Amino acid sequence: MDKKRLAQLRANAYKPEFNEAMVLLRREAEEASRIVHRIGANEYGEWMHQYYCKDDGSRLQFDWSQPKSHFCPTCSAAWSGEPFDSAWTSIVHVQIGRAVYHSSLLYTIESDVRLLKQAKSFLLSYASHYEGYRIHGDIPYNGPGKLFAQTLDEAHWIIDLAMGYDLIREHLSLEEEAHIRIGLLQPCARFLIAHKEEQIHNHSVLITSAIASIGLLLDDEDIVQAGLEGEYGLFDQINRGLFEDGLWYEGNAQYHFYAFKSLLNYALMAEGTLLDIYNYRALKLMFDYPLHLVLSDGTMPSLNDGGPRDGIGTFAPFYEIALDIYGDEIYRTLLNTAYGTESKDPSFIGIRTVPRDSLFALLFGRELAAAGKQSESLWTYAYRNVSLPASGLTKLVNCSRWQVLVKHSKFGGEHDHMDRLGLSVVCGDIPLMIDPGTTAYGVPVHYGWFKHTYSHNTVSLNGADQPPSDGRIVQLKEVPWGVWMETAVDWKTDSYTMRDRIILPPELCPWDEEAYKGAEIRRINVLADDHFLDIVSVTLAGHREVHLTNHISGMLADSRKGAWRPSVEKLSELDQKWLKEKRKLAPDEGKSFVYQMRRGTLQQLSWCSKSADTFTALTPNNPPNTNRTSLIHRAAAEDNVLFVQAFSYDSDKDHVVELFQSCNLQVTEQPEGRHSIEFTCSGLRHCYDLELHEDGSIFDKIESKTK
């Protein structure tokens, strides 16, 4: 580690603003002293995604005094035996790796010989046994491990050990240093090199970062080059895995930062050397991109295999690095907002602040008082219409704190959810129709429900998954009365940007190519001050069932007696156990729906150019022990079908439902692809004119008047 970085660490350790970080570091070191597991010759770890409750998806917990007893903190269920015991073994070694790093960092600050002894003991024990560990692991789509069950986890673990070793090696004897280099670092580097993934992937970023880091420590140019250079090396990962606007191709904030953290770990090891990478443009882009995604409650949207929405507090430690290296004031405002310090931006609502207690704060932290008048706050940066065509995300906003995220992205590989043109909609801190992301991979609902087209707010043909394809934005217009955009995706060819850069095992290809062959979906989304309009045009190359799915973060409130009848019809190609309490709307009922949200009510008005059936069901929310309301429109067509939906939200909990149910949406079809759209919202009658065109539709507001 760079001498200047160590000097900043030691200086920050004694500043009041970093007290919480020091408290946490000491707590981590103290927790390390409680580890009673003795590293032996037969360590055998399995997949940590299996260390979750099978009933509710919660991560299991254990006590060091009862290592083979695993309990759920949510439902109190107790689990034992496999796969829990071997998954626990992996978790133990992850904790030991963290213990080495934390103990070594604290020793660098306080020179407590007990800390040195603790870190040294673990490193020497691994060096005595690591070479003999048996290669194993049959986790789908992952390389094997030695101590762990996958190459990814091996790389995670060795980075912590390598950083710890780097911090204390000047305090090791020549014999101890040689033992760790020969018994642990060199064989682990050889193993990782032998099992590098030959694709562009977040795993590959982590693995190649670990290889290059070990090479730096060993002063071994061959190992360094094996990590950095060549096809699928670290530099190739960044060059081909990062979109031009700065988003990691797997398409969400969580995987973006997962790949980024590995890159930053290498950057920390290489700082001050000839291989320093802080001047790489890609790093700056990766810091800047997520700022566009921040929602009005300070969270980031969940997309693809991202978990439930993380807040800016989750990612604040990264911006300690950004502020120190690049000095942009926007990073300072993010940190002040995340930490809730005096100069935080008051515009965010419902934001969860976090303590300034990270290791990156100790290593990189600067004074957070504003250096002068800031040209742009995080709020103004995040709360504006923005379109990012390279990565394929567009965010629409209005003065009522609606934020609509439209996903016209490129296909993102094995972590994609096959939901081109999907929507995620919030109003302030209230989720309305959001992408659920996913849960732990070992929980059945991940592969059973969350990972499929049908669990998203988009179109499914024949109830099947969308095949890989890249979406595109056709146009974005900001007009005096609001903002509107048009996006498109089609399956007229089988090409997509990442096709030759990634591996897709057959088990991760559940889509139906025939159902989508020759089809095109166009979506026009309109956000005015008091409503959101959703227009979906589907062009087909033969008879298909077109399903438009809406997943509402609330419960349907409907007083119409007899309007809904129980249904056993199959609504998708997925197991129907994920759709509970299925009901079908009577054919002669109006298409006006009201939902009771966490706060307030959401109104939905719907229209379809074909005769369409409407269904509702309770489907898994995230976390999966909760539900949301799914409303599905299903129409059969041979050529094309048009859906129009209007949404409005009222935060008044006492709003009378019957007032909503008296509303309707009228669409009049006219010659040459023209449509007039009329509906009532908040006491106003809104009229729009739409002309659908292949090279870009024409859309305009005609009038709004009191009903």
# chains A, B, ... in the order shown; residues from 1 in each chain; ligands from 1
>>> select_by_dssp(residues="region 410-545 of chain A", states="strand (DSSP E)", output="number ranges by chain")
A: 422-427, 430-433, 459-461, 472-479, 482-490, 520-528, 532-539, 544-545
>>> write_last_selection(atoms="C-alpha atoms", output="mmCIF file, in the first residue's frame")
data_model
loop_
_atom_site.group_PDB
_atom_site.id
_atom_site.type_symbol
_atom_site.label_atom_id
_atom_site.label_comp_id
_atom_site.auth_asym_id
_atom_site.auth_seq_id
_atom_site.Cartn_x
_atom_site.Cartn_y
_atom_site.Cartn_z
ATOM 1 C CA GLY A 422 -39.645 -2.754 -18.565
ATOM 2 C CA LEU A 423 -40.811 0.042 -16.263
ATOM 3 C CA SER A 424 -39.994 0.923 -12.680
ATOM 4 C CA VAL A 425 -42.104 3.719 -11.178
ATOM 5 C CA VAL A 426 -41.944 5.488 -7.806
ATOM 6 C CA CYS A 427 -43.469 8.641 -6.350
ATOM 7 C CA ILE A 430 -43.575 5.276 -2.345
ATOM 8 C CA PRO A 431 -42.943 2.416 -4.799
ATOM 9 C CA LEU A 432 -45.774 2.197 -7.319
ATOM 10 C CA MET A 433 -44.703 -0.288 -10.026
ATOM 11 C CA VAL A 459 -44.701 -7.474 -22.577
ATOM 12 C CA SER A 460 -44.535 -11.267 -22.777
ATOM 13 C CA LEU A 461 -45.549 -13.147 -25.915
ATOM 14 C CA ARG A 472 -33.151 1.300 -28.169
ATOM 15 C CA ILE A 473 -34.489 4.775 -27.581
ATOM 16 C CA VAL A 474 -36.259 6.290 -30.563
ATOM 17 C CA GLN A 475 -36.854 9.783 -29.173
ATOM 18 C CA LEU A 476 -37.125 11.852 -26.001
ATOM 19 C CA LYS A 477 -39.073 15.115 -25.913
ATOM 20 C CA GLU A 478 -39.297 17.665 -23.115
ATOM 21 C CA VAL A 479 -42.355 19.844 -23.714
ATOM 22 C CA GLY A 482 -44.226 17.365 -19.359
ATOM 23 C CA VAL A 483 -41.886 14.856 -20.958
ATOM 24 C CA TRP A 484 -42.412 11.853 -23.230
ATOM 25 C CA MET A 485 -40.255 9.224 -24.861
ATOM 26 C CA GLU A 486 -40.465 6.348 -27.318
ATOM 27 C CA THR A 487 -38.461 3.119 -27.045
ATOM 28 C CA ALA A 488 -38.355 -0.049 -29.125
ATOM 29 C CA VAL A 489 -37.045 -3.602 -29.210
ATOM 30 C CA ASP A 490 -37.430 -6.264 -31.872
ATOM 31 C CA GLU A 520 -41.420 -5.699 -32.355
ATOM 32 C CA ILE A 521 -42.505 -3.835 -29.215
ATOM 33 C CA ARG A 522 -42.741 -0.065 -29.070
ATOM 34 C CA ARG A 523 -43.461 1.823 -25.869
ATOM 35 C CA ILE A 524 -44.381 5.487 -25.506
ATOM 36 C CA ASN A 525 -44.219 6.799 -21.954
ATOM 37 C CA VAL A 526 -45.609 10.177 -21.012
ATOM 38 C CA LEU A 527 -45.145 11.939 -17.673
ATOM 39 C CA ALA A 528 -47.165 15.086 -16.983
ATOM 40 C CA PHE A 532 -48.390 8.909 -16.258
ATOM 41 C CA LEU A 533 -49.444 7.556 -19.634
ATOM 42 C CA ASP A 534 -48.203 4.206 -20.954
ATOM 43 C CA ILE A 535 -48.755 3.287 -24.613
ATOM 44 C CA VAL A 536 -47.568 -0.129 -25.830
ATOM 45 C CA SER A 537 -47.675 -1.160 -29.482
ATOM 46 C CA VAL A 538 -46.846 -4.774 -30.373
ATOM 47 C CA THR A 539 -46.314 -5.853 -33.995
ATOM 48 C CA ARG A 544 -49.646 -14.815 -30.646
ATOM 49 C CA GLU A 545 -51.021 -14.177 -27.195
#
>>> closest_atom_pairs(of="region 300-342 of chain A", to="region 357-370 of chain A", cutoff="9 Å", atoms="only C-alpha atoms", output="Markdown table")
| residue | atom | partner | partner_atom | distance |
| --- | --- | --- | --- | --- |
| A:Ala316 | CA | A:Ser358 | CA | 8.8 |
| A:Pro317 | CA | A:Phe360 | CA | 5.5 |
| A:Phe318 | CA | A:Phe360 | CA | 7.1 |
| A:Tyr319 | CA | A:Phe360 | CA | 8.7 |
| A:Glu320 | CA | A:Gly365 | CA | 5.5 |
| A:Ile321 | CA | A:Phe364 | CA | 5.5 |
| A:Ala322 | CA | A:Phe364 | CA | 8.7 |
| A:Leu323 | CA | A:Arg366 | CA | 7.5 |
| A:Asp324 | CA | A:Phe364 | CA | 5.8 |
| A:Ile325 | CA | A:Phe364 | CA | 8.3 |
| A:Glu329 | CA | A:Ala370 | CA | 7.8 |
| A:Arg332 | CA | A:Leu368 | CA | 6.1 |
| A:Thr333 | CA | A:Ala370 | CA | 8.1 |
| A:Leu335 | CA | A:Leu368 | CA | 7.6 |
| A:Asn336 | CA | A:Leu368 | CA | 6.8 |
| A:Thr341 | CA | A:Leu368 | CA | 8.6 |
| A:Glu342 | CA | A:Ala369 | CA | 8.6 |
>>> write_last_selection(atoms="N, CA, C and O atoms", output="PDB file, in the first residue's frame")
ATOM      1  N   ALA A 316     -21.817   4.857  -0.294  1.00  0.00           N
ATOM      2  CA  ALA A 316     -21.049   6.028   0.144  1.00  0.00           C
ATOM      3  C   ALA A 316     -19.555   5.741   0.266  1.00  0.00           C
ATOM      4  O   ALA A 316     -18.739   6.604  -0.099  1.00  0.00           O
ATOM      5  N   PRO A 317     -19.132   4.566   0.783  1.00  0.00           N
ATOM      6  CA  PRO A 317     -17.690   4.333   0.904  1.00  0.00           C
ATOM      7  C   PRO A 317     -16.923   4.515  -0.411  1.00  0.00           C
ATOM      8  O   PRO A 317     -15.784   4.991  -0.399  1.00  0.00           O
ATOM      9  N   PHE A 318     -17.538   4.164  -1.524  1.00  0.00           N
ATOM     10  CA  PHE A 318     -16.862   4.329  -2.814  1.00  0.00           C
ATOM     11  C   PHE A 318     -16.613   5.808  -3.116  1.00  0.00           C
ATOM     12  O   PHE A 318     -15.605   6.165  -3.731  1.00  0.00           O
ATOM     13  N   TYR A 319     -17.544   6.652  -2.680  1.00  0.00           N
ATOM     14  CA  TYR A 319     -17.410   8.075  -2.985  1.00  0.00           C
ATOM     15  C   TYR A 319     -16.434   8.781  -2.052  1.00  0.00           C
ATOM     16  O   TYR A 319     -16.046   9.920  -2.319  1.00  0.00           O
ATOM     17  N   GLU A 320     -16.016   8.113  -0.972  1.00  0.00           N
ATOM     18  CA  GLU A 320     -14.859   8.601  -0.219  1.00  0.00           C
ATOM     19  C   GLU A 320     -13.625   8.568  -1.131  1.00  0.00           C
ATOM     20  O   GLU A 320     -12.814   9.494  -1.145  1.00  0.00           O
ATOM     21  N   ILE A 321     -13.495   7.488  -1.896  1.00  0.00           N
ATOM     22  CA  ILE A 321     -12.385   7.368  -2.850  1.00  0.00           C
ATOM     23  C   ILE A 321     -12.520   8.433  -3.935  1.00  0.00           C
ATOM     24  O   ILE A 321     -11.557   9.135  -4.268  1.00  0.00           O
ATOM     25  N   ALA A 322     -13.729   8.566  -4.485  1.00  0.00           N
ATOM     26  CA  ALA A 322     -13.950   9.506  -5.590  1.00  0.00           C
ATOM     27  C   ALA A 322     -13.607  10.935  -5.177  1.00  0.00           C
ATOM     28  O   ALA A 322     -12.948  11.670  -5.930  1.00  0.00           O
ATOM     29  N   LEU A 323     -14.045  11.343  -3.990  1.00  0.00           N
ATOM     30  CA  LEU A 323     -13.775  12.714  -3.539  1.00  0.00           C
ATOM     31  C   LEU A 323     -12.281  12.933  -3.337  1.00  0.00           C
ATOM     32  O   LEU A 323     -11.732  13.976  -3.717  1.00  0.00           O
ATOM     33  N   ASP A 324     -11.595  11.945  -2.764  1.00  0.00           N
ATOM     34  CA  ASP A 324     -10.165  12.097  -2.504  1.00  0.00           C
ATOM     35  C   ASP A 324      -9.353  12.137  -3.793  1.00  0.00           C
ATOM     36  O   ASP A 324      -8.440  12.952  -3.937  1.00  0.00           O
ATOM     37  N   ILE A 325      -9.685  11.275  -4.740  1.00  0.00           N
ATOM     38  CA  ILE A 325      -8.884  11.171  -5.971  1.00  0.00           C
ATOM     39  C   ILE A 325      -9.219  12.282  -6.957  1.00  0.00           C
ATOM     40  O   ILE A 325      -8.322  12.889  -7.563  1.00  0.00           O
ATOM     41  N   GLU A 329     -17.150  18.270  -6.397  1.00  0.00           N
ATOM     42  CA  GLU A 329     -18.037  18.651  -5.304  1.00  0.00           C
ATOM     43  C   GLU A 329     -19.287  17.781  -5.243  1.00  0.00           C
ATOM     44  O   GLU A 329     -19.871  17.609  -4.174  1.00  0.00           O
ATOM     45  N   ARG A 332     -18.920  15.194  -2.726  1.00  0.00           N
ATOM     46  CA  ARG A 332     -19.042  15.705  -1.350  1.00  0.00           C
ATOM     47  C   ARG A 332     -20.517  15.817  -0.953  1.00  0.00           C
ATOM     48  O   ARG A 332     -20.897  15.481   0.166  1.00  0.00           O
ATOM     49  N   THR A 333     -21.354  16.303  -1.885  1.00  0.00           N
ATOM     50  CA  THR A 333     -22.774  16.431  -1.553  1.00  0.00           C
ATOM     51  C   THR A 333     -23.421  15.066  -1.356  1.00  0.00           C
ATOM     52  O   THR A 333     -24.302  14.901  -0.513  1.00  0.00           O
ATOM     53  N   LEU A 335     -21.915  12.408  -0.153  1.00  0.00           N
ATOM     54  CA  LEU A 335     -21.489  11.927   1.163  1.00  0.00           C
ATOM     55  C   LEU A 335     -22.226  12.653   2.280  1.00  0.00           C
ATOM     56  O   LEU A 335     -22.670  12.026   3.262  1.00  0.00           O
ATOM     57  N   ASN A 336     -22.387  13.962   2.168  1.00  0.00           N
ATOM     58  CA  ASN A 336     -23.113  14.701   3.192  1.00  0.00           C
ATOM     59  C   ASN A 336     -24.562  14.250   3.289  1.00  0.00           C
ATOM     60  O   ASN A 336     -25.132  14.166   4.383  1.00  0.00           O
ATOM     61  N   THR A 341     -25.069  14.731   7.524  1.00  0.00           N
ATOM     62  CA  THR A 341     -24.331  15.803   8.181  1.00  0.00           C
ATOM     63  C   THR A 341     -25.032  17.136   7.940  1.00  0.00           C
ATOM     64  O   THR A 341     -25.976  17.234   7.164  1.00  0.00           O
ATOM     65  N   GLU A 342     -24.576  18.189   8.572  1.00  0.00           N
ATOM     66  CA  GLU A 342     -25.304  19.455   8.593  1.00  0.00           C
ATOM     67  C   GLU A 342     -25.565  20.014   7.209  1.00  0.00           C
ATOM     68  O   GLU A 342     -26.590  20.640   6.970  1.00  0.00           O
TER      69      GLU A 342
END
>>> select_by_dssp(residues="region 25-158 of chain A", states="alpha helix (DSSP H)", output="PyMOL selection string")
chain A and resi 25-32+84-110+113-129+151-158
>>> write_last_selection(atoms="C-alpha atoms", output="PDB file, in the first residue's frame")
ATOM      1  CA  LEU A  25     -12.603  -1.329  12.908  1.00  0.00           C
ATOM      2  CA  ARG A  26     -11.823  -2.145  16.548  1.00  0.00           C
ATOM      3  CA  ARG A  27     -15.068  -4.093  16.811  1.00  0.00           C
ATOM      4  CA  GLU A  28     -14.154  -6.097  13.706  1.00  0.00           C
ATOM      5  CA  ALA A  29     -10.729  -6.863  15.147  1.00  0.00           C
ATOM      6  CA  GLU A  30     -12.304  -7.882  18.449  1.00  0.00           C
ATOM      7  CA  GLU A  31     -14.776 -10.110  16.632  1.00  0.00           C
ATOM      8  CA  ALA A  32     -11.833 -11.710  14.840  1.00  0.00           C
ATOM      9  CA  PHE A  84     -25.760 -25.626   5.411  1.00  0.00           C
ATOM     10  CA  ASP A  85     -22.656 -27.029   7.137  1.00  0.00           C
ATOM     11  CA  SER A  86     -20.403 -26.688   4.099  1.00  0.00           C
ATOM     12  CA  ALA A  87     -21.849 -23.269   3.231  1.00  0.00           C
ATOM     13  CA  TRP A  88     -21.053 -22.303   6.834  1.00  0.00           C
ATOM     14  CA  THR A  89     -17.451 -23.451   6.264  1.00  0.00           C
ATOM     15  CA  SER A  90     -17.140 -20.971   3.402  1.00  0.00           C
ATOM     16  CA  ILE A  91     -18.605 -18.184   5.541  1.00  0.00           C
ATOM     17  CA  VAL A  92     -16.076 -18.963   8.284  1.00  0.00           C
ATOM     18  CA  HIS A  93     -13.163 -18.543   5.880  1.00  0.00           C
ATOM     19  CA  VAL A  94     -14.606 -15.318   4.484  1.00  0.00           C
ATOM     20  CA  GLN A  95     -14.686 -14.032   8.059  1.00  0.00           C
ATOM     21  CA  ILE A  96     -11.117 -15.161   8.657  1.00  0.00           C
ATOM     22  CA  GLY A  97     -10.020 -13.310   5.506  1.00  0.00           C
ATOM     23  CA  ARG A  98     -11.744 -10.156   6.759  1.00  0.00           C
ATOM     24  CA  ALA A  99     -10.162 -10.696  10.173  1.00  0.00           C
ATOM     25  CA  VAL A 100      -6.672 -10.728   8.655  1.00  0.00           C
ATOM     26  CA  TYR A 101      -7.321  -7.493   6.761  1.00  0.00           C
ATOM     27  CA  HIS A 102      -8.966  -5.668   9.681  1.00  0.00           C
ATOM     28  CA  SER A 103      -6.418  -6.811  12.252  1.00  0.00           C
ATOM     29  CA  SER A 104      -3.573  -5.753   9.964  1.00  0.00           C
ATOM     30  CA  LEU A 105      -5.125  -2.326   9.333  1.00  0.00           C
ATOM     31  CA  LEU A 106      -5.640  -1.701  13.032  1.00  0.00           C
ATOM     32  CA  TYR A 107      -2.098  -2.876  13.768  1.00  0.00           C
ATOM     33  CA  THR A 108      -0.841  -0.340  11.213  1.00  0.00           C
ATOM     34  CA  ILE A 109      -2.523   2.355  13.310  1.00  0.00           C
ATOM     35  CA  GLU A 110      -2.048   1.142  16.888  1.00  0.00           C
ATOM     36  CA  VAL A 113       1.216  -6.984  19.090  1.00  0.00           C
ATOM     37  CA  ARG A 114      -1.910  -9.115  19.627  1.00  0.00           C
ATOM     38  CA  LEU A 115      -3.274  -7.894  16.310  1.00  0.00           C
ATOM     39  CA  LEU A 116      -0.048  -8.768  14.517  1.00  0.00           C
ATOM     40  CA  LYS A 117      -0.009 -12.203  16.106  1.00  0.00           C
ATOM     41  CA  GLN A 118      -3.629 -12.828  15.112  1.00  0.00           C
ATOM     42  CA  ALA A 119      -3.167 -11.889  11.442  1.00  0.00           C
ATOM     43  CA  LYS A 120       0.149 -13.711  11.187  1.00  0.00           C
ATOM     44  CA  SER A 121      -1.298 -16.893  12.708  1.00  0.00           C
ATOM     45  CA  PHE A 122      -4.084 -17.140  10.149  1.00  0.00           C
ATOM     46  CA  LEU A 123      -1.770 -16.436   7.210  1.00  0.00           C
ATOM     47  CA  LEU A 124       0.777 -19.016   8.326  1.00  0.00           C
ATOM     48  CA  SER A 125      -1.928 -21.647   8.916  1.00  0.00           C
ATOM     49  CA  TYR A 126      -3.298 -21.190   5.414  1.00  0.00           C
ATOM     50  CA  ALA A 127       0.227 -21.342   3.997  1.00  0.00           C
ATOM     51  CA  SER A 128       0.731 -24.702   5.727  1.00  0.00           C
ATOM     52  CA  HIS A 129      -2.373 -26.296   4.206  1.00  0.00           C
ATOM     53  CA  THR A 151     -13.198 -19.423  -8.230  1.00  0.00           C
ATOM     54  CA  LEU A 152     -15.025 -16.180  -7.441  1.00  0.00           C
ATOM     55  CA  ASP A 153     -15.034 -16.816  -3.693  1.00  0.00           C
ATOM     56  CA  GLU A 154     -11.393 -17.902  -3.782  1.00  0.00           C
ATOM     57  CA  ALA A 155     -10.541 -14.521  -5.326  1.00  0.00           C
ATOM     58  CA  HIS A 156     -12.615 -12.586  -2.775  1.00  0.00           C
ATOM     59  CA  TRP A 157     -10.859 -14.311   0.074  1.00  0.00           C
ATOM     60  CA  ILE A 158      -7.298 -14.006  -1.226  1.00  0.00           C
TER      61      ILE A 158
END
>>> residues_around(residues="Asp297 (chain A)", least_positions_apart="6", cutoff="7 Å", atoms="only C-alpha atoms", output="ChimeraX atom specification")
/A:348-351,428-429
>>> closest_residue(among="A:Gly463, A:Ala519, A:Glu638, A:Thr273", to="Glu569 (chain A)", atoms="only C-alpha atoms")
A:Gly463
>>> residues_around(residues="Tyr141 (chain A)", least_positions_apart="6", cutoff="10 Å", atoms="only C-alpha atoms", output="PyMOL selection string")
chain A and resi 150+197+414+503-505+507-508
>>> write_last_selection(atoms="C-alpha atoms", output="compact mmCIF listing (two decimals), in the first residue's frame")
# COMPACT_ATOMS: atom_id res chain seq x y z
CA GLN A 150 -16.09 -21.41 -6.84
CA GLU A 197 -13.24 -17.17 -16.90
CA GLU A 414 -26.66 -14.46 -17.27
CA ILE A 503 -21.12 -17.40 -22.18
CA LEU A 504 -24.76 -18.44 -21.90
CA PRO A 505 -25.14 -22.05 -20.72
CA GLU A 507 -29.81 -23.85 -18.58
CA LEU A 508 -29.81 -20.04 -18.61
>>> closest_residue(among="A:Arg674, A:His136, A:Arg384, A:Lys591", to="Phe699 (chain A)", atoms="only C-alpha atoms")
A:Arg674
>>> closest_residue(among="A:Pro480, A:Gly227, A:Pro623, A:Pro140", to="Ala440 (chain A)", atoms="only C-alpha atoms")
A:Pro623
>>> residues_around(residues="Ala390 (chain A)", least_positions_apart="6", cutoff="7 Å", atoms="only C-alpha atoms", output="PyMOL selection string")
chain A and resi 243-245
>>> write_last_selection(atoms="N, CA, C and O atoms", output="PDB file, in the first residue's frame")
ATOM      1  N   PHE A 243     -20.068   0.086 -20.695  1.00  0.00           N
ATOM      2  CA  PHE A 243     -20.679   0.869 -21.765  1.00  0.00           C
ATOM      3  C   PHE A 243     -20.058   2.264 -21.820  1.00  0.00           C
ATOM      4  O   PHE A 243     -19.472   2.741 -20.844  1.00  0.00           O
ATOM      5  N   GLU A 244     -20.231   2.921 -22.948  1.00  0.00           N
ATOM      6  CA  GLU A 244     -19.574   4.206 -23.181  1.00  0.00           C
ATOM      7  C   GLU A 244     -19.941   5.263 -22.147  1.00  0.00           C
ATOM      8  O   GLU A 244     -19.167   6.177 -21.885  1.00  0.00           O
ATOM      9  N   ASP A 245     -21.136   5.142 -21.549  1.00  0.00           N
ATOM     10  CA  ASP A 245     -21.544   6.141 -20.567  1.00  0.00           C
ATOM     11  C   ASP A 245     -21.150   5.781 -19.140  1.00  0.00           C
ATOM     12  O   ASP A 245     -21.410   6.542 -18.209  1.00  0.00           O
TER      13      ASP A 245
END
>>> residues_around(residues="region 561-567 of chain A", least_positions_apart="4", cutoff="7 Å", atoms="only C-alpha atoms", output="PyMOL selection string")
chain A and resi 582-586+589
>>> residues_around(residues="Asn550 (chain A)", least_positions_apart="3", cutoff="9 Å", atoms="only C-alpha atoms", output="PyMOL selection string")
chain A and resi 433+455-458+629-633
>>> write_last_selection(atoms="N, CA and C atoms", output="mmCIF file, in the first residue's frame")
data_model
loop_
_atom_site.group_PDB
_atom_site.id
_atom_site.type_symbol
_atom_site.label_atom_id
_atom_site.label_comp_id
_atom_site.auth_asym_id
_atom_site.auth_seq_id
_atom_site.Cartn_x
_atom_site.Cartn_y
_atom_site.Cartn_z
ATOM 1 N N MET A 433 -44.879 0.895 -9.164
ATOM 2 C CA MET A 433 -44.703 -0.288 -10.026
ATOM 3 C C MET A 433 -43.210 -0.456 -10.220
ATOM 4 N N SER A 455 -42.385 -11.462 -14.468
ATOM 5 C CA SER A 455 -42.394 -10.792 -13.167
ATOM 6 C C SER A 455 -42.086 -9.307 -13.282
ATOM 7 N N HIS A 456 -42.042 -8.778 -14.518
ATOM 8 C CA HIS A 456 -41.681 -7.384 -14.756
ATOM 9 C C HIS A 456 -42.805 -6.640 -15.474
ATOM 10 N N ASN A 457 -42.706 -5.332 -15.472
ATOM 11 C CA ASN A 457 -43.731 -4.482 -16.073
ATOM 12 C C ASN A 457 -43.418 -4.276 -17.552
ATOM 13 N N THR A 458 -43.714 -5.306 -18.322
ATOM 14 C CA THR A 458 -43.393 -5.274 -19.750
ATOM 15 C C THR A 458 -44.302 -6.234 -20.511
ATOM 16 N N THR A 629 -49.567 -6.888 -6.045
ATOM 17 C CA THR A 629 -50.708 -7.192 -6.905
ATOM 18 C C THR A 629 -50.282 -7.140 -8.366
ATOM 19 N N SER A 630 -50.522 -8.218 -9.076
ATOM 20 C CA SER A 630 -50.226 -8.252 -10.507
ATOM 21 C C SER A 630 -51.529 -8.138 -11.289
ATOM 22 N N LEU A 631 -51.534 -7.222 -12.261
ATOM 23 C CA LEU A 631 -52.675 -7.060 -13.155
ATOM 24 C C LEU A 631 -52.185 -7.340 -14.566
ATOM 25 N N ILE A 632 -52.798 -8.318 -15.229
ATOM 26 C CA ILE A 632 -52.330 -8.794 -16.526
ATOM 27 C C ILE A 632 -53.434 -8.617 -17.561
ATOM 28 N N HIS A 633 -53.105 -7.940 -18.669
ATOM 29 C CA HIS A 633 -54.001 -7.861 -19.817
ATOM 30 C C HIS A 633 -53.496 -8.848 -20.870
#
>>> atom_distance(atom1="CA of Pro73 (chain A)", atom2="CA of Val443 (chain A)")
15.8 Å
>>> closest_residue(among="A:Ala557, A:Leu263, A:Ala210, A:Ile200", to="Gln186 (chain A)", atoms="only C-alpha atoms")
A:Ala210
>>> closest_residue(among="A:Ala270, A:Leu540, A:Ile238, A:Ala259", to="Ala282 (chain A)", atoms="only C-alpha atoms")
A:Ile238
>>> closest_residue(among="A:Leu642, A:Gln254, A:Phe260, A:Ala464", to="Leu234 (chain A)", atoms="only C-alpha atoms")
A:Phe260
>>> atom_distance(atom1="CA of Ile312 (chain A)", atom2="CA of Lys395 (chain A)")
17.3 Å
>>> atom_distance(atom1="CA of Ile223 (chain A)", atom2="CA of Ile211 (chain A)")
6.5 Å
